[in-house]
>>> print(open('entry22.tsv').read())   # TSV, C-alpha atoms and all ligand atoms
chain	number	residue	atom	x	y	z
A	162	MET	CA	11.52	-51.15	-29.07
A	163	ASN	CA	9.48	-51.43	-25.88
A	164	ARG	CA	10.00	-49.40	-22.69
A	165	VAL	CA	12.18	-52.02	-21.00
A	166	GLU	CA	14.66	-52.07	-23.88
A	167	THR	CA	14.62	-48.27	-24.22
A	168	ALA	CA	15.49	-47.97	-20.52
A	169	LEU	CA	18.24	-50.60	-20.84
A	170	LEU	CA	19.78	-48.86	-23.84
A	171	ASN	CA	19.85	-45.49	-22.14
A	172	SER	CA	21.51	-46.92	-19.02
A	173	ALA	CA	25.05	-46.52	-17.71
A	174	PRO	CA	25.76	-50.31	-17.84
A	175	ARG	CA	24.87	-50.37	-21.56
A	176	ARG	CA	27.26	-47.47	-22.21
A	177	TRP	CA	29.97	-49.22	-20.20
A	178	VAL	CA	29.62	-52.47	-22.25
A	179	GLN	CA	29.57	-50.54	-25.52
A	180	ARG	CA	32.73	-48.56	-24.65
A	181	PHE	CA	34.87	-51.11	-22.83
A	182	TYR	CA	33.84	-54.39	-24.45
A	183	GLU	CA	32.22	-53.93	-27.88
A	184	THR	CA	34.41	-51.03	-29.04
A	185	GLU	CA	37.60	-52.77	-27.93
A	186	ALA	CA	36.61	-56.01	-29.72
A	187	LEU	CA	35.77	-54.10	-32.92
A	188	LEU	CA	39.02	-52.11	-32.77
A	189	ARG	CA	40.99	-55.36	-32.49
A	190	CYS	CA	39.33	-56.64	-35.71
A	191	GLY	CA	39.09	-53.52	-37.85
A	192	GLY	CA	41.33	-50.92	-36.25
A	193	ARG	CA	40.82	-47.15	-36.29
A	194	LEU	CA	39.63	-45.22	-39.32
A	195	ALA	CA	41.91	-43.12	-41.51
A	196	PRO	CA	41.97	-39.42	-40.52
A	197	GLY	CA	39.05	-37.49	-42.02
A	198	SER	CA	36.95	-40.62	-42.67
A	199	LEU	CA	33.20	-40.32	-43.12
A	200	ALA	CA	31.29	-42.93	-41.09
A	201	LEU	CA	27.63	-43.91	-40.83
A	202	GLU	CA	25.88	-45.42	-37.83
A	203	ILE	CA	22.59	-47.20	-38.49
A	204	GLY	CA	20.14	-47.29	-35.56
A	205	CYS	CA	22.13	-44.77	-33.54
A	206	GLY	CA	19.73	-44.73	-30.56
A	207	SER	CA	20.67	-41.97	-28.12
A	208	GLY	CA	23.94	-41.19	-29.92
A	209	TYR	CA	26.50	-42.74	-27.59
A	210	GLY	CA	27.82	-44.91	-30.43
A	211	VAL	CA	28.45	-41.81	-32.56
A	212	GLN	CA	30.50	-40.38	-29.70
A	213	LEU	CA	32.61	-43.58	-29.68
A	214	ILE	CA	32.96	-43.49	-33.48
A	215	PHE	CA	34.54	-40.05	-33.13
A	216	ASP	CA	36.54	-40.53	-29.96
A	217	ARG	CA	37.71	-44.15	-30.21
A	218	PHE	CA	37.52	-45.00	-33.93
A	219	GLY	CA	38.76	-41.58	-35.09
A	220	ALA	CA	36.10	-40.64	-37.68
A	221	GLY	CA	36.25	-37.13	-39.12
A	222	SER	CA	32.47	-36.87	-39.63
A	223	VAL	CA	29.55	-39.13	-38.82
A	224	ASP	CA	26.07	-39.44	-40.32
A	225	ALA	CA	23.56	-41.39	-38.24
A	226	VAL	CA	20.04	-42.65	-38.76
A	227	ASP	CA	17.34	-44.02	-36.47
A	228	LEU	CA	13.70	-44.92	-37.06
A	229	ASP	CA	12.59	-43.41	-33.76
A	230	PRO	CA	12.31	-39.57	-33.66
A	231	ALA	CA	12.62	-39.59	-29.85
A	232	MET	CA	16.03	-41.29	-30.16
A	233	ILE	CA	17.14	-38.77	-32.78
A	234	ASN	CA	16.19	-35.95	-30.40
A	235	ARG	CA	18.22	-37.53	-27.60
A	236	ALA	CA	21.16	-38.02	-29.94
A	237	ARG	CA	20.91	-34.40	-31.10
A	238	ARG	CA	21.27	-33.18	-27.49
A	239	ARG	CA	24.16	-35.55	-26.72
A	240	LEU	CA	26.10	-34.71	-29.89
A	241	ALA	CA	25.60	-30.92	-30.06
A	242	ARG	CA	29.28	-30.31	-29.26
A	243	TYR	CA	30.39	-31.99	-32.52
A	244	GLY	CA	28.61	-29.28	-34.55
A	245	ASP	CA	28.42	-29.86	-38.30
A	246	ARG	CA	30.66	-32.94	-38.10
A	247	VAL	CA	27.43	-34.87	-37.32
A	248	VAL	CA	24.33	-35.28	-39.45
A	249	LEU	CA	21.36	-37.00	-37.76
A	250	ALA	CA	18.33	-38.20	-39.68
A	251	GLU	CA	15.11	-40.00	-38.92
A	252	GLY	CA	14.60	-42.94	-41.26
A	253	SER	CA	15.27	-46.58	-41.98
A	254	ALA	CA	18.56	-48.39	-42.43
A	255	THR	CA	16.85	-50.18	-45.30
A	256	ASP	CA	16.53	-46.94	-47.32
A	257	LEU	CA	19.50	-44.66	-46.70
A	258	GLY	CA	18.88	-42.84	-49.97
A	259	ASP	CA	15.61	-41.60	-48.52
A	260	ALA	CA	16.88	-40.92	-44.97
A	261	LEU	CA	20.24	-39.31	-45.78
A	262	CYS	CA	20.32	-38.95	-49.58
A	263	ALA	CA	23.17	-41.46	-49.28
A	264	ALA	CA	24.73	-42.23	-52.63
A	265	GLU	CA	26.48	-45.44	-53.65
A	266	ASP	CA	30.10	-45.76	-52.38
A	267	SER	CA	29.86	-42.82	-49.99
A	268	TYR	CA	30.93	-44.04	-46.50
A	269	ASP	CA	34.37	-45.23	-45.37
A	270	ALA	CA	32.76	-47.20	-42.55
A	271	VAL	CA	29.30	-48.31	-41.42
A	272	PHE	CA	28.60	-49.17	-37.76
A	273	ASP	CA	25.86	-51.48	-36.48
A	274	PHE	CA	25.66	-51.56	-32.68
A	275	GLY	CA	22.90	-54.13	-32.21
A	276	ILE	CA	20.23	-52.89	-34.59
A	277	ILE	CA	19.92	-55.23	-37.58
A	278	HIS	CA	18.17	-57.93	-35.51
A	279	HIS	CA	15.39	-55.36	-34.96
A	280	ILE	CA	14.65	-55.08	-38.69
A	281	PRO	CA	12.10	-57.56	-40.10
A	282	ASN	CA	13.56	-57.26	-43.64
A	283	TRP	CA	17.11	-57.30	-42.29
A	284	ARG	CA	18.60	-58.59	-45.54
A	285	ASP	CA	17.58	-55.28	-47.16
A	286	ALA	CA	19.61	-53.42	-44.52
A	287	VAL	CA	22.71	-55.51	-45.34
A	288	SER	CA	22.18	-54.82	-49.04
A	289	GLU	CA	21.74	-51.09	-48.41
A	290	LEU	CA	24.79	-50.69	-46.17
A	291	THR	CA	26.88	-52.54	-48.74
A	292	ARG	CA	25.64	-50.15	-51.44
A	293	VAL	CA	26.71	-47.04	-49.50
A	294	LEU	CA	30.14	-48.35	-48.39
A	295	THR	CA	33.12	-47.19	-50.43
A	296	PRO	CA	35.17	-49.97	-52.04
A	297	GLY	CA	37.54	-51.04	-49.24
A	298	GLY	CA	35.15	-49.51	-46.68
A	299	ARG	CA	34.50	-51.39	-43.44
A	300	PHE	CA	31.37	-52.69	-41.82
A	301	TYR	CA	31.72	-52.89	-38.00
A	302	PHE	CA	28.98	-55.02	-36.48
A	303	GLU	CA	27.74	-56.16	-33.09
A	304	GLU	CA	24.65	-58.34	-33.45
A	305	VAL	CA	22.22	-60.34	-31.35
A	306	THR	CA	21.37	-63.76	-32.78
A	307	ALA	CA	18.22	-65.90	-32.94
A	308	HIS	CA	19.75	-68.00	-30.16
A	309	ALA	CA	19.64	-65.03	-27.75
A	310	LEU	CA	16.18	-63.89	-28.92
A	311	ALA	CA	14.80	-67.36	-28.11
A	312	ARG	CA	15.89	-67.11	-24.46
A	313	PRO	CA	13.03	-66.71	-21.94
A	314	THR	CA	14.30	-63.34	-20.68
A	315	TYR	CA	14.32	-61.88	-24.20
A	316	GLN	CA	10.90	-63.38	-24.98
A	317	ARG	CA	9.37	-62.08	-21.80
A	318	PHE	CA	10.77	-58.56	-21.55
A	319	LEU	CA	11.80	-57.45	-25.06
A	320	GLU	CA	10.10	-57.23	-28.46
A	321	HIS	CA	11.73	-58.36	-31.69
A	322	PRO	CA	10.61	-59.52	-35.13
A	323	THR	CA	9.47	-63.13	-34.96
A	324	GLU	CA	10.09	-64.09	-38.62
A	325	ASP	CA	13.42	-64.66	-40.36
A	326	ARG	CA	15.62	-64.27	-37.28
A	327	PHE	CA	19.27	-64.96	-38.00
A	328	THR	CA	21.92	-67.14	-36.43
A	329	ALA	CA	25.56	-66.02	-36.55
A	330	GLU	CA	26.01	-68.29	-39.59
A	331	HIS	CA	23.01	-66.78	-41.42
A	332	PHE	CA	24.29	-63.27	-40.77
A	333	LEU	CA	27.82	-64.06	-41.96
A	334	ALA	CA	26.44	-65.87	-45.03
A	335	GLU	CA	24.45	-62.75	-45.93
A	336	LEU	CA	27.58	-60.58	-45.66
A	337	ASP	CA	29.39	-63.06	-47.87
A	338	ARG	CA	26.53	-63.00	-50.41
A	339	HIS	CA	27.09	-59.25	-50.74
A	340	GLY	CA	30.84	-59.72	-51.18
A	341	LEU	CA	31.74	-58.37	-47.72
A	342	ALA	CA	34.90	-60.15	-46.56
A	343	LEU	CA	35.62	-60.70	-42.86
A	344	LEU	CA	38.76	-59.06	-41.49
A	345	GLY	CA	40.27	-61.47	-38.99
A	346	SER	CA	38.04	-63.60	-36.79
A	347	THR	CA	34.70	-62.78	-35.22
A	348	THR	CA	33.99	-62.61	-31.49
A	349	ARG	CA	31.10	-64.81	-30.37
A	350	ILE	CA	29.56	-64.88	-26.94
A	351	GLN	CA	27.73	-68.13	-26.13
A	352	GLY	CA	26.06	-68.18	-29.54
A	353	ASP	CA	24.11	-65.07	-28.44
A	354	PHE	CA	26.24	-62.20	-29.70
A	355	LEU	CA	28.40	-61.78	-32.78
A	356	LEU	CA	30.99	-59.04	-33.27
A	357	GLY	CA	33.27	-58.49	-36.23
A	358	VAL	CA	34.39	-56.33	-39.13
A	359	ALA	CA	33.99	-56.99	-42.85
A	360	ALA	CA	35.26	-55.02	-45.84
A	361	LYS	CA	33.72	-54.25	-49.22
A	362	PRO	CA	36.03	-55.40	-52.00
A	363	CYS	CA	37.95	-52.94	-54.20
A	364	PRO	CA	37.15	-53.69	-57.87
A	365	ALA	CA	40.52	-52.35	-59.05
A	366	ASN	CA	42.55	-55.15	-57.46
A	367	GLY	CA	39.73	-57.62	-56.88
A	368	GLY	CA	40.42	-57.73	-53.15
A	369	THR	CA	40.05	-55.61	-50.02
A	401	LIG	C1	18.71	-52.10	-29.71
A	401	LIG	S1	18.65	-50.39	-30.17
A	401	LIG	C2	20.37	-50.02	-30.38
A	401	LIG	C3	20.64	-48.54	-30.21
A	401	LIG	C4	22.14	-48.19	-30.21
A	401	LIG	N1	22.77	-48.59	-31.46
A	401	LIG	C5	22.83	-48.80	-29.01
A	401	LIG	O1	23.64	-49.72	-29.20
A	401	LIG	O2	22.58	-48.36	-27.88
A	401	LIG	C6	18.04	-50.46	-31.77
A	401	LIG	C7	17.83	-49.08	-32.37
A	401	LIG	O3	17.57	-49.28	-33.75
A	401	LIG	C8	16.48	-48.45	-34.13
A	401	LIG	N2	15.87	-49.07	-35.31
A	401	LIG	C9	15.05	-50.15	-35.37
A	401	LIG	N3	14.75	-50.44	-36.65
A	401	LIG	C10	15.41	-49.53	-37.41
A	401	LIG	C11	15.52	-49.31	-38.82
A	401	LIG	N4	14.87	-50.07	-39.71
A	401	LIG	N5	16.30	-48.29	-39.24
A	401	LIG	C12	16.96	-47.49	-38.37
A	401	LIG	N6	16.89	-47.65	-37.03
A	401	LIG	C13	16.13	-48.66	-36.56
A	401	LIG	C14	15.61	-48.34	-32.91
A	401	LIG	O4	14.78	-47.19	-32.95
A	401	LIG	C15	16.66	-48.29	-31.80
A	401	LIG	O5	17.07	-46.98	-31.50
>>> encode(input="entry22.tsv", output="structure tokens")
Amino acid sequence: MNRVETALLNSAPRRWVQRFYETEALLRCGGRLAPGSLALEIGCGSGYGVQLIFDRFGAGSVDAVDLDPAMINRARRRLARYGDRVVLAEGSATDLGDALCAAEDSYDAVFDFGIIHHIPNWRDAVSELTRVLTPGGRFYFEEVTAHALARPTYQRFLEHPTEDRFTAEHFLAELDRHGLALLGSTTRIQGDFLLGVAAKPCPANGGT
């Protein structure tokens, strides 16, 4: 991420949108987590999302990963009050085994607040988050599409991978390819943003 985007992400307006718009839309689709749930946030940035995952989604514990050590340091300061209910690690969402020793079927929920569009091999991140979700576990996502990334403001001020960008349809098709089933409908904003929740199927009953 460049300096413009880092400043935007650490701003009060970004926190306001994340709390009052994105969180509310995701809660309408996927609801709160069961008491004591273990959640994972990929690309946690400065840790405000983890705070929301505790306070608004009701997680019992949260693990979080980010590629940028400076972001992990910020998150560590913000989240100190949660003590050992939070584990923060530097590493990639495409290899959670390396970053967090995350085993298969280990998280009740995975949260993606606008990070997968930053990953050049984004399909590997979808595969990896599916691996670590428990059967019946939920994937809460807020994503930025190729349509937004092609806008002049994004092109001029922000930096993103240029290859294999995804539209909302590409992203949803990839979830489907991994067997993740949408819960309810998605929220789309002008073809630029996509929010929704999908669940990993339970093998025992063949559904979610
Ligand atoms: C647009 S920011 C979003 C931060 C935060 N989720 C938020 O909504 O404010 C993207 C974040 O993803 C991180 N990131 C980029 N590629 C990553 C990867 N492969 N694995 C983990 N984090 C990554 C960046 O360092 C950055 O903190």
>>> closest_residue(input="entry22.tsv", among="A:Phe354, A:Phe318, A:Phe327, A:Tyr268", to="A:Glu166", atoms="all atoms listed in the file")
A:Phe318
>>> closest_residue(input="entry22.tsv", among="A:Phe300, A:Phe274, A:Phe332, A:Tyr315", to="A:Leu213", atoms="all atoms listed in the file")
A:Phe274
>>> residues_near_ligand(input="entry22.tsv", ligand="ligand LIG 401 (chain A)", cutoff="6 Å", atoms="all atoms listed in the file", output="list in words")
Leu170, Ile203, Gly204, Cys205, Gly206, Val226, Asp227, Leu228, Asp229, Met232, Gly252, Ser253, Ala254, Thr255, Phe274, Gly275, Ile276, His279 and Ile280 of chain A
>>> write_last_selection(input="entry22.tsv", atoms="C-alpha atoms", output="mmCIF file, in the coordinates of the input")
data_model
loop_
_atom_site.group_PDB
_atom_site.id
_atom_site.type_symbol
_atom_site.label_atom_id
_atom_site.label_comp_id
_atom_site.auth_asym_id
_atom_site.auth_seq_id
_atom_site.Cartn_x
_atom_site.Cartn_y
_atom_site.Cartn_z
ATOM 1 C CA LEU A 170 19.780 -48.860 -23.840
ATOM 2 C CA ILE A 203 22.590 -47.200 -38.490
ATOM 3 C CA GLY A 204 20.140 -47.290 -35.560
ATOM 4 C CA CYS A 205 22.130 -44.770 -33.540
ATOM 5 C CA GLY A 206 19.730 -44.730 -30.560
ATOM 6 C CA VAL A 226 20.040 -42.650 -38.760
ATOM 7 C CA ASP A 227 17.340 -44.020 -36.470
ATOM 8 C CA LEU A 228 13.700 -44.920 -37.060
ATOM 9 C CA ASP A 229 12.590 -43.410 -33.760
ATOM 10 C CA MET A 232 16.030 -41.290 -30.160
ATOM 11 C CA GLY A 252 14.600 -42.940 -41.260
ATOM 12 C CA SER A 253 15.270 -46.580 -41.980
ATOM 13 C CA ALA A 254 18.560 -48.390 -42.430
ATOM 14 C CA THR A 255 16.850 -50.180 -45.300
ATOM 15 C CA PHE A 274 25.660 -51.560 -32.680
ATOM 16 C CA GLY A 275 22.900 -54.130 -32.210
ATOM 17 C CA ILE A 276 20.230 -52.890 -34.590
ATOM 18 C CA HIS A 279 15.390 -55.360 -34.960
ATOM 19 C CA ILE A 280 14.650 -55.080 -38.690
#
>>> closest_residue(input="entry22.tsv", among="A:Pro174, A:Glu265, A:Thr167, A:Pro313", to="A:Ala231", atoms="all atoms listed in the file")
A:Thr167
>>> closest_residue(input="entry22.tsv", among="A:Asp285, A:Glu251, A:Asp269, A:Glu303", to="A:Ala329", atoms="all atoms listed in the file")
A:Glu303
>>> closest_residue(input="entry22.tsv", among="A:Gly298, A:Gly345, A:Ala225, A:Gly244", to="A:Asp273", atoms="all atoms listed in the file")
A:Ala225
>>> residues_around(input="entry22.tsv", residues="A:Leu333", least_positions_apart="3", cutoff="10 Å", atoms="all atoms listed in the file", output="VMD selection string")
chain A and resid 327 to 330 336 to 338 341 to 343 347 355 357 359
>>> closest_residue(input="entry22.tsv", among="A:Asp216, A:Asn282, A:Ala236, A:Leu257", to="A:Asn171", atoms="only C-alpha atoms")
A:Ala236
>>> atom_distance(input="entry22.tsv", atom1="atom CA of A:Leu201", atom2="atom CA of A:Pro364")
21.8 Å
>>> atom_distance(input="entry22.tsv", atom1="atom CA of A:Val178", atom2="atom CA of A:Glu304")
13.6 Å
>>> axis_aligned_box(input="entry22.tsv", around="stretch 210-213 of chain A", padding_each_side="4 Å", output="JSON")
{"center_x": 30.2, "center_y": -42.6, "center_z": -31.1, "size_x": 12.8, "size_y": 12.5, "size_z": 10.9}
>>> build_atoms(input="entry22.tsv", residues="stretch 220-245 of chain A", atoms="N, CA, C and O atoms", output="short mmCIF file (atom, residue, chain, number, x, y, z; two decimals), keeping the file's coordinate frame")
data_model
loop_
_atom_site.label_atom_id
_atom_site.label_comp_id
_atom_site.auth_asym_id
_atom_site.auth_seq_id
_atom_site.Cartn_x
_atom_site.Cartn_y
_atom_site.Cartn_z
N ALA A 220 36.77 -41.17 -36.48
CA ALA A 220 36.10 -40.64 -37.68
C ALA A 220 36.23 -39.11 -37.73
O ALA A 220 36.29 -38.45 -36.69
N GLY A 221 36.23 -38.58 -38.96
CA GLY A 221 36.25 -37.13 -39.12
C GLY A 221 34.84 -36.56 -39.05
O GLY A 221 34.61 -35.47 -38.49
N SER A 222 33.88 -37.27 -39.66
CA SER A 222 32.47 -36.87 -39.63
C SER A 222 31.63 -38.14 -39.52
O SER A 222 32.06 -39.21 -39.98
N VAL A 223 30.43 -37.98 -38.96
CA VAL A 223 29.55 -39.13 -38.82
C VAL A 223 28.12 -38.74 -39.19
O VAL A 223 27.60 -37.73 -38.71
N ASP A 224 27.50 -39.53 -40.06
CA ASP A 224 26.07 -39.44 -40.32
C ASP A 224 25.42 -40.58 -39.52
O ASP A 224 26.02 -41.66 -39.38
N ALA A 225 24.22 -40.34 -39.02
CA ALA A 225 23.56 -41.39 -38.24
C ALA A 225 22.07 -41.34 -38.48
O ALA A 225 21.49 -40.28 -38.66
N VAL A 226 21.47 -42.54 -38.48
CA VAL A 226 20.04 -42.65 -38.76
C VAL A 226 19.37 -43.52 -37.71
O VAL A 226 19.99 -44.47 -37.20
N ASP A 227 18.14 -43.17 -37.36
CA ASP A 227 17.34 -44.02 -36.47
C ASP A 227 15.88 -43.83 -36.85
O ASP A 227 15.46 -42.74 -37.24
N LEU A 228 15.13 -44.93 -36.71
CA LEU A 228 13.70 -44.92 -37.06
C LEU A 228 12.88 -44.11 -36.08
O LEU A 228 11.82 -43.59 -36.42
N ASP A 229 13.38 -43.97 -34.85
CA ASP A 229 12.59 -43.41 -33.76
C ASP A 229 12.95 -41.93 -33.56
O ASP A 229 14.07 -41.60 -33.16
N PRO A 230 11.99 -41.00 -33.79
CA PRO A 230 12.31 -39.57 -33.66
C PRO A 230 12.74 -39.19 -32.24
O PRO A 230 13.56 -38.28 -32.06
N ALA A 231 12.23 -39.91 -31.23
CA ALA A 231 12.62 -39.59 -29.85
C ALA A 231 14.11 -39.87 -29.64
O ALA A 231 14.82 -39.14 -28.94
N MET A 232 14.60 -40.96 -30.26
CA MET A 232 16.03 -41.29 -30.16
C MET A 232 16.86 -40.24 -30.89
O MET A 232 17.92 -39.82 -30.40
N ILE A 233 16.39 -39.80 -32.03
CA ILE A 233 17.14 -38.77 -32.78
C ILE A 233 17.22 -37.48 -31.96
O ILE A 233 18.27 -36.84 -31.90
N ASN A 234 16.15 -37.15 -31.25
CA ASN A 234 16.19 -35.95 -30.40
C ASN A 234 17.20 -36.10 -29.27
O ASN A 234 17.95 -35.18 -28.97
N ARG A 235 17.22 -37.27 -28.66
CA ARG A 235 18.22 -37.53 -27.60
C ARG A 235 19.63 -37.41 -28.15
O ARG A 235 20.51 -36.81 -27.54
N ALA A 236 19.83 -38.03 -29.32
CA ALA A 236 21.16 -38.02 -29.94
C ALA A 236 21.57 -36.57 -30.27
O ALA A 236 22.73 -36.19 -30.08
N ARG A 237 20.61 -35.80 -30.72
CA ARG A 237 20.91 -34.40 -31.10
C ARG A 237 21.43 -33.64 -29.87
O ARG A 237 22.41 -32.90 -29.96
N ARG A 238 20.82 -33.87 -28.71
CA ARG A 238 21.27 -33.18 -27.49
C ARG A 238 22.67 -33.67 -27.10
O ARG A 238 23.55 -32.88 -26.80
N ARG A 239 22.87 -34.99 -27.14
CA ARG A 239 24.16 -35.55 -26.72
C ARG A 239 25.31 -35.08 -27.62
O ARG A 239 26.44 -34.87 -27.14
N LEU A 240 25.01 -34.92 -28.92
CA LEU A 240 26.10 -34.71 -29.89
C LEU A 240 26.25 -33.26 -30.32
O LEU A 240 27.04 -32.97 -31.23
N ALA A 241 25.59 -32.33 -29.64
CA ALA A 241 25.60 -30.92 -30.06
C ALA A 241 27.04 -30.39 -30.16
O ALA A 241 27.36 -29.60 -31.06
N ARG A 242 27.91 -30.85 -29.28
CA ARG A 242 29.28 -30.31 -29.26
C ARG A 242 30.10 -30.66 -30.51
O ARG A 242 31.15 -30.07 -30.75
N TYR A 243 29.64 -31.64 -31.30
CA TYR A 243 30.39 -31.99 -32.52
C TYR A 243 30.00 -31.11 -33.71
O TYR A 243 30.59 -31.23 -34.79
N GLY A 244 28.99 -30.25 -33.52
CA GLY A 244 28.61 -29.28 -34.55
C GLY A 244 28.29 -29.94 -35.88
O GLY A 244 27.63 -30.98 -35.94
N ASP A 245 28.80 -29.35 -36.97
CA ASP A 245 28.42 -29.86 -38.30
C ASP A 245 29.24 -31.08 -38.72
O ASP A 245 29.15 -31.53 -39.87
#
